[in-house]
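Visitor: Okay, handing you the structure first.
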Amino acid sequence: MNLSYFISKRINKDHEGSFSASIGRIAVASIAVGLASALVAFLILRGFQTTIVDKIYGFAGHMQISRYTLKSNNFDEPPISLTSDFYTHWKEYDFVTHVQPIGYKMGILKTEEAVLGVVFKGVTKDFDSTRFTPSLVKGHFPHFSDSTYSLEVLLSQRIADKLEKDIGDEVIMYVVQNPPRFRRLSIAGIYETGLEDFDDRIILGDLGLVQRLNNWPDSLVGGYEVFLRDPSDMEAAENEMYDVLDSDLYADTADNKYFQIFEWLQMLDRNVAIFLVLILFVASFNMVSFLLILIMERTNMIGVLKGLGATDLTVRRIFSWNGMRLIARGMLWGNVIAGGLGLLQSQFHIIPLDAASYYMHYVPIYWDWWAIVLVNILTFVVVNLTLFIPTTVIINIRPIAAIKFD
């Protein structure tokens, strides 16, 4: 049996009820609370990032393709042909999973109570509604017809509240063009993403209506939304896209188009990293304090062991084993606490949020197992490295003086 490990176990039993035992429990509690806080912070952070990013990608795709234009108004785009080389052959590109045609038209919604400027986003039956379903509050997605265009639309909850309308009601949209036109639209459903860029101005309907208002044939659309197989490698996909697109087409990533939101999410990463550093510092400080107190209590034992021929390394390992045992105990409780809190929140949504400020109605939880493992490894390694600080005191302890120490 390992001598250092055997003696550390005996010390662990013998010092129950001592002052060092109380300090040890405090050290375990600090590690448990600190690790749990760090894990919960990462679960929430990943939940925020995943929820918001999924909403953006579900609404606008990973990339948007449009025709080059010098106009500053992105909602009055020149059309693209559905017979373009990219659209007819997109299934041949491994990095693309789905492409859907879209078109925009600016308009004004008018009711008896209010007038509101909006952007009509036209989509087709190829629109990936499954990605959009989590944002659908009530109602259904517009039904499309092969013979004519649909007049059913999706309104955001904010727009519906401003207009005081609900599903089944009708609104009149006046189209901003010359000559002016209007259409009576039926509200098929209400959506809510929590993102102002979408909820404040965009309504969804049939692309056929945009084509009719712009006097486009069925073969012309405003652009494409592209979904990638690996969104994490957006830059590489963008470079490949430039190689396959026609010379008059332009590809823009959602990360670039909504860069303010993505920069905000990156700032959250830095905040959590700082939080983790502070937690590790507190946990390490408590472990150093515990071992120093334990060494002081066991100074006589250290002197006896050295007098019997034990090396400094052997004695240091005795106290390191004690520290590692406490670290493992604290990490076990920390994972249990974090897992329990995360499970409760993910299942019952106990902690609510203001959607106007946080883009969602409750604190989201995302089980990023790699992040959980990395946080545990980092905690174990960093706190264990700090054990070398107090055990260096053992080198300076002289056997004769230690045996006489009281």
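We label chains A, B, ... in the order they appear in the structure tokens, count residues from 1 in each chain, and number ligands from 1 in the order shown.
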If we count only C-alpha atoms and set the cut-off at 9 Å, which residues sit around region 375-392 of chain A, ignoring sequence neighbours fewer than 4 positions away in its own chain? Please answer as an NGL selection string.

Guide: :A and (31 or 35 or 38-39 or 42 or 276 or 280-281 or 283-285 or 287-289 or 291-292 or 295 or 312 or 315-317 or 319-320 or 323-324 or 327-328 or 331 or 335 or 370-371 or 396)

Visitor: Can those selected residues be exported to a file as a compact mmCIF listing (two decimals), in the first residue's frame so that it contains N, CA and C atoms?

Guide:
```
# COMPACT_ATOMS: atom_id res chain seq x y z
N ILE A 31 -15.66 24.88 -2.57
CA ILE A 31 -15.45 24.24 -3.88
C ILE A 31 -16.78 23.84 -4.49
N LEU A 35 -17.92 25.59 -7.84
CA LEU A 35 -18.05 24.78 -9.06
C LEU A 35 -19.49 24.78 -9.55
N ALA A 38 -20.15 28.03 -11.26
CA ALA A 38 -19.50 28.09 -12.58
C ALA A 38 -20.25 27.23 -13.60
N LEU A 39 -20.65 26.03 -13.20
CA LEU A 39 -21.36 25.15 -14.13
C LEU A 39 -22.72 25.72 -14.50
N PHE A 42 -22.24 28.48 -16.97
CA PHE A 42 -21.99 27.98 -18.32
C PHE A 42 -23.25 27.40 -18.96
N LEU A 276 -15.35 32.65 -13.57
CA LEU A 276 -14.72 31.37 -13.27
C LEU A 276 -13.36 31.58 -12.60
N LEU A 280 -12.27 30.12 -8.91
CA LEU A 280 -11.09 29.27 -8.71
C LEU A 280 -10.14 29.90 -7.69
N PHE A 281 -10.03 31.21 -7.69
CA PHE A 281 -9.16 31.88 -6.73
C PHE A 281 -9.66 31.66 -5.30
N ALA A 283 -11.66 29.24 -4.18
CA ALA A 283 -11.54 27.82 -3.83
C ALA A 283 -10.09 27.46 -3.51
N SER A 284 -9.17 27.97 -4.30
CA SER A 284 -7.75 27.70 -4.06
C SER A 284 -7.29 28.30 -2.74
N PHE A 285 -7.73 29.51 -2.46
CA PHE A 285 -7.35 30.18 -1.21
C PHE A 285 -7.83 29.37 -0.01
N MET A 287 -8.40 26.15 0.12
CA MET A 287 -7.63 24.91 0.22
C MET A 287 -6.26 25.17 0.83
N VAL A 288 -5.62 26.26 0.45
CA VAL A 288 -4.32 26.62 1.02
C VAL A 288 -4.46 26.84 2.53
N SER A 289 -5.52 27.55 2.93
CA SER A 289 -5.74 27.81 4.35
C SER A 289 -5.95 26.51 5.12
N LEU A 291 -4.89 23.42 4.39
CA LEU A 291 -3.67 22.62 4.50
C LEU A 291 -2.67 23.25 5.47
N LEU A 292 -2.58 24.57 5.47
CA LEU A 292 -1.68 25.23 6.42
C LEU A 292 -2.09 24.94 7.86
N ILE A 295 -1.30 21.29 8.62
CA ILE A 295 0.14 21.10 8.82
C ILE A 295 0.55 21.58 10.22
N ASP A 312 10.96 14.57 2.46
CA ASP A 312 10.02 15.70 2.35
C ASP A 312 8.91 15.39 1.35
N VAL A 315 6.20 13.16 2.94
CA VAL A 315 5.35 13.90 3.87
C VAL A 315 4.42 14.85 3.12
N ARG A 316 4.94 15.50 2.08
CA ARG A 316 4.10 16.43 1.31
C ARG A 316 2.95 15.69 0.65
N ARG A 317 3.23 14.47 0.19
CA ARG A 317 2.16 13.69 -0.46
C ARG A 317 1.05 13.33 0.52
N PHE A 319 -0.23 15.19 2.87
CA PHE A 319 -1.16 16.32 2.94
C PHE A 319 -1.80 16.61 1.58
N SER A 320 -1.08 16.31 0.51
CA SER A 320 -1.67 16.48 -0.83
C SER A 320 -2.84 15.52 -1.02
N GLY A 323 -5.79 16.98 0.66
CA GLY A 323 -6.37 18.06 -0.14
C GLY A 323 -7.13 17.54 -1.34
N MET A 324 -6.58 16.54 -2.02
CA MET A 324 -7.25 15.98 -3.19
C MET A 324 -8.57 15.32 -2.81
N ILE A 327 -11.04 18.08 -2.40
CA ILE A 327 -11.38 18.64 -3.72
C ILE A 327 -12.38 17.74 -4.43
N ALA A 328 -12.11 16.41 -4.39
CA ALA A 328 -13.03 15.47 -5.05
C ALA A 328 -14.42 15.51 -4.42
N MET A 331 -16.10 18.76 -5.51
CA MET A 331 -16.50 18.71 -6.92
C MET A 331 -17.72 17.81 -7.11
N ASN A 335 -21.17 19.25 -8.71
CA ASN A 335 -21.85 18.71 -9.89
C ASN A 335 -23.28 18.30 -9.58
N TRP A 370 -19.30 19.05 -23.11
CA TRP A 370 -17.88 19.34 -23.23
C TRP A 370 -17.49 20.47 -22.28
N ALA A 371 -18.29 21.50 -22.19
CA ALA A 371 -18.00 22.61 -21.28
C ALA A 371 -18.03 22.14 -19.83
N ASN A 396 10.88 23.17 5.41
CA ASN A 396 11.59 23.95 6.42
C ASN A 396 11.39 23.45 7.85
```

Visitor: Could you give me, as a VMD selection string, the residues within 10 Å of Leu265 (chain A), counting only C-alpha atoms and dropping anything in the same chain fewer than 4 positions from it?

Guide: chain A and resid 45 to 46 48 to 50 52 to 53 259 to 261 269 to 270

Visitor: Keeping C-alpha atoms for every residue in the selection just given, could you write it to a file as a PDB file, in the first residue's frame?

Guide:
```
ATOM      1  CA  LEU A  45     -24.660  31.124 -21.018  1.00  0.00           C
ATOM      2  CA  ARG A  46     -24.830  28.310 -23.555  1.00  0.00           C
ATOM      3  CA  PHE A  48     -28.732  32.089 -23.995  1.00  0.00           C
ATOM      4  CA  GLN A  49     -26.345  31.753 -26.912  1.00  0.00           C
ATOM      5  CA  THR A  50     -28.016  28.683 -28.395  1.00  0.00           C
ATOM      6  CA  ILE A  52     -30.768  33.440 -29.554  1.00  0.00           C
ATOM      7  CA  VAL A  53     -28.590  32.052 -32.350  1.00  0.00           C
ATOM      8  CA  PHE A 259     -23.216  41.488 -35.690  1.00  0.00           C
ATOM      9  CA  GLN A 260     -24.428  43.554 -32.703  1.00  0.00           C
ATOM     10  CA  ILE A 261     -26.191  40.516 -31.245  1.00  0.00           C
ATOM     11  CA  ASP A 269     -18.214  34.610 -22.792  1.00  0.00           C
ATOM     12  CA  ARG A 270     -15.652  36.997 -21.342  1.00  0.00           C
TER      13      ARG A 270
END
```

Visitor: Can you tell me which residues surround Ile172 (chain A) at a distance of at most 7 Å, considering only C-alpha atoms, apart from same-chain residues fewer than 2 positions away, and format the answer as JSON, numbers by chain?

Guide: {"A": [109, 110, 111, 170, 174, 182, 183, 184, 185]}

Visitor: Just to confirm, what's the straight-line distance from CA of Ser186 (chain A) to CA of Asp199 (chain A) in Å (one decimal)?

Guide: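 CA of Asp199 (chain A) lies at a distance of 18.0 Å from CA of Ser186 (chain A).
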
Visitor: Restricting the calculation to only C-alpha atoms, which member of A:Pro179, A:Leu228, A:Arg67, A:Gly339 is positioned closest to Trp369 (chain A)?

Guide: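 Comparing A:Pro179, A:Leu228, A:Arg67, A:Gly339 against Trp369 (chain A), the winner is A:Gly339.
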
Visitor: I'd like the contact shell of region 208-210 of chain A - 7 Å cut-off, only C-alpha atoms, skipping same-chain residues fewer than 5 positions apart - returned as a PyMOL selection string.

Guide: chain A and resi 103-105+122+149

Visitor: So that I can check the secondary structure, give me every residue of region 152-247 of chain A assigned alpha helix (DSSP H) by backbone DSSP, as a list in words.

Guide: Gln157, Arg158, Ile159, Ala160, Asp161, Lys162, Leu163, Glu196, Asp197, Phe198, Asp199, Leu207, Gly208, Leu209, Val210, Gln211, Arg212, Leu213, Met234, Glu235, Ala236, Ala237, Glu238, Asn239, Glu240, Met241, Tyr242, Asp243 and Val244 of chain A

Visitor: Suppose we keep N, CA and C atoms; can you now write the selection as an mmCIF file, in the first residue's frame?

Guide:
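Okay, selection-v9.cif is ready:
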```
data_model
loop_
_atom_site.group_PDB
_atom_site.id
_atom_site.type_symbol
_atom_site.label_atom_id
_atom_site.label_comp_id
_atom_site.auth_asym_id
_atom_site.auth_seq_id
_atom_site.Cartn_x
_atom_site.Cartn_y
_atom_site.Cartn_z
ATOM 1 N N GLN A 157 -45.952 39.145 -32.154
ATOM 2 C CA GLN A 157 -46.803 39.488 -31.024
ATOM 3 C C GLN A 157 -46.810 40.999 -30.786
ATOM 4 N N ARG A 158 -45.663 41.654 -31.004
ATOM 5 C CA ARG A 158 -45.588 43.103 -30.804
ATOM 6 C C ARG A 158 -46.468 43.845 -31.807
ATOM 7 N N ILE A 159 -46.387 43.436 -33.064
ATOM 8 C CA ILE A 159 -47.200 44.098 -34.087
ATOM 9 C C ILE A 159 -48.680 43.855 -33.828
ATOM 10 N N ALA A 160 -49.022 42.600 -33.461
ATOM 11 C CA ALA A 160 -50.425 42.279 -33.188
ATOM 12 C C ALA A 160 -50.955 43.100 -32.006
ATOM 13 N N ASP A 161 -50.117 43.284 -30.981
ATOM 14 C CA ASP A 161 -50.551 44.076 -29.821
ATOM 15 C C ASP A 161 -50.750 45.540 -30.205
ATOM 16 N N LYS A 162 -49.848 46.070 -31.022
ATOM 17 C CA LYS A 162 -49.981 47.473 -31.426
ATOM 18 C C LYS A 162 -51.230 47.689 -32.276
ATOM 19 N N LEU A 163 -51.540 46.701 -33.104
ATOM 20 C CA LEU A 163 -52.719 46.814 -33.961
ATOM 21 C C LEU A 163 -53.989 46.327 -33.281
ATOM 22 N N GLU A 196 -35.719 42.407 -31.599
ATOM 23 C CA GLU A 196 -36.359 43.610 -32.126
ATOM 24 C C GLU A 196 -36.245 43.705 -33.645
ATOM 25 N N ASP A 197 -35.118 43.241 -34.203
ATOM 26 C CA ASP A 197 -34.933 43.329 -35.646
ATOM 27 C C ASP A 197 -36.029 42.601 -36.413
ATOM 28 N N PHE A 198 -36.612 41.595 -35.807
ATOM 29 C CA PHE A 198 -37.678 40.831 -36.451
ATOM 30 C C PHE A 198 -39.064 41.254 -35.961
ATOM 31 N N ASP A 199 -39.233 41.254 -34.642
ATOM 32 C CA ASP A 199 -40.570 41.439 -34.077
ATOM 33 C C ASP A 199 -41.151 42.829 -34.316
ATOM 34 N N LEU A 207 -44.605 34.423 -50.871
ATOM 35 C CA LEU A 207 -43.722 35.078 -51.821
ATOM 36 C C LEU A 207 -44.471 35.435 -53.104
ATOM 37 N N GLY A 208 -45.500 34.666 -53.419
ATOM 38 C CA GLY A 208 -46.294 34.958 -54.611
ATOM 39 C C GLY A 208 -46.902 36.343 -54.578
ATOM 40 N N LEU A 209 -47.252 36.837 -53.386
ATOM 41 C CA LEU A 209 -47.806 38.187 -53.263
ATOM 42 C C LEU A 209 -46.738 39.225 -53.616
ATOM 43 N N VAL A 210 -45.501 39.005 -53.156
ATOM 44 C CA VAL A 210 -44.402 39.922 -53.489
ATOM 45 C C VAL A 210 -44.167 39.928 -55.000
ATOM 46 N N GLN A 211 -44.201 38.745 -55.607
ATOM 47 C CA GLN A 211 -43.994 38.657 -57.055
ATOM 48 C C GLN A 211 -45.095 39.400 -57.806
ATOM 49 N N ARG A 212 -46.336 39.267 -57.346
ATOM 50 C CA ARG A 212 -47.444 39.934 -58.019
ATOM 51 C C ARG A 212 -47.335 41.466 -57.874
ATOM 52 N N LEU A 213 -46.980 41.917 -56.667
ATOM 53 C CA LEU A 213 -46.876 43.361 -56.438
ATOM 54 C C LEU A 213 -45.716 43.974 -57.216
ATOM 55 N N MET A 234 -18.451 29.129 -40.348
ATOM 56 C CA MET A 234 -19.136 30.047 -41.254
ATOM 57 C C MET A 234 -18.169 30.675 -42.263
ATOM 58 N N GLU A 235 -16.972 30.989 -41.820
ATOM 59 C CA GLU A 235 -16.015 31.659 -42.703
ATOM 60 C C GLU A 235 -15.621 30.770 -43.870
ATOM 61 N N ALA A 236 -15.364 29.490 -43.594
ATOM 62 C CA ALA A 236 -15.009 28.568 -44.668
ATOM 63 C C ALA A 236 -16.164 28.379 -45.643
ATOM 64 N N ALA A 237 -17.396 28.304 -45.097
ATOM 65 C CA ALA A 237 -18.566 28.163 -45.964
ATOM 66 C C ALA A 237 -18.757 29.402 -46.830
ATOM 67 N N GLU A 238 -18.477 30.579 -46.254
ATOM 68 C CA GLU A 238 -18.609 31.819 -47.023
ATOM 69 C C GLU A 238 -17.609 31.846 -48.182
ATOM 70 N N ASN A 239 -16.386 31.387 -47.932
ATOM 71 C CA ASN A 239 -15.380 31.339 -49.000
ATOM 72 C C ASN A 239 -15.788 30.373 -50.105
ATOM 73 N N GLU A 240 -16.349 29.223 -49.709
ATOM 74 C CA GLU A 240 -16.814 28.264 -50.715
ATOM 75 C C GLU A 240 -17.986 28.831 -51.510
ATOM 76 N N MET A 241 -18.827 29.597 -50.812
ATOM 77 C CA MET A 241 -19.991 30.166 -51.482
ATOM 78 C C MET A 241 -19.575 31.142 -52.580
ATOM 79 N N TYR A 242 -18.572 31.931 -52.317
ATOM 80 C CA TYR A 242 -18.104 32.873 -53.334
ATOM 81 C C TYR A 242 -17.591 32.153 -54.575
ATOM 82 N N ASP A 243 -17.080 30.947 -54.384
ATOM 83 C CA ASP A 243 -16.550 30.196 -55.522
ATOM 84 C C ASP A 243 -17.660 29.622 -56.402
ATOM 85 N N VAL A 244 -18.845 29.381 -55.821
ATOM 86 C CA VAL A 244 -19.914 28.722 -56.584
ATOM 87 C C VAL A 244 -21.002 29.689 -57.043
#
```

Visitor: Just how far from CA of Met106 (chain A) is CA of Val176 (chain A), in Å to one decimal?

Guide: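 Result for CA of Val176 (chain A) versus CA of Met106 (chain A): 5.8 Å, one decimal.
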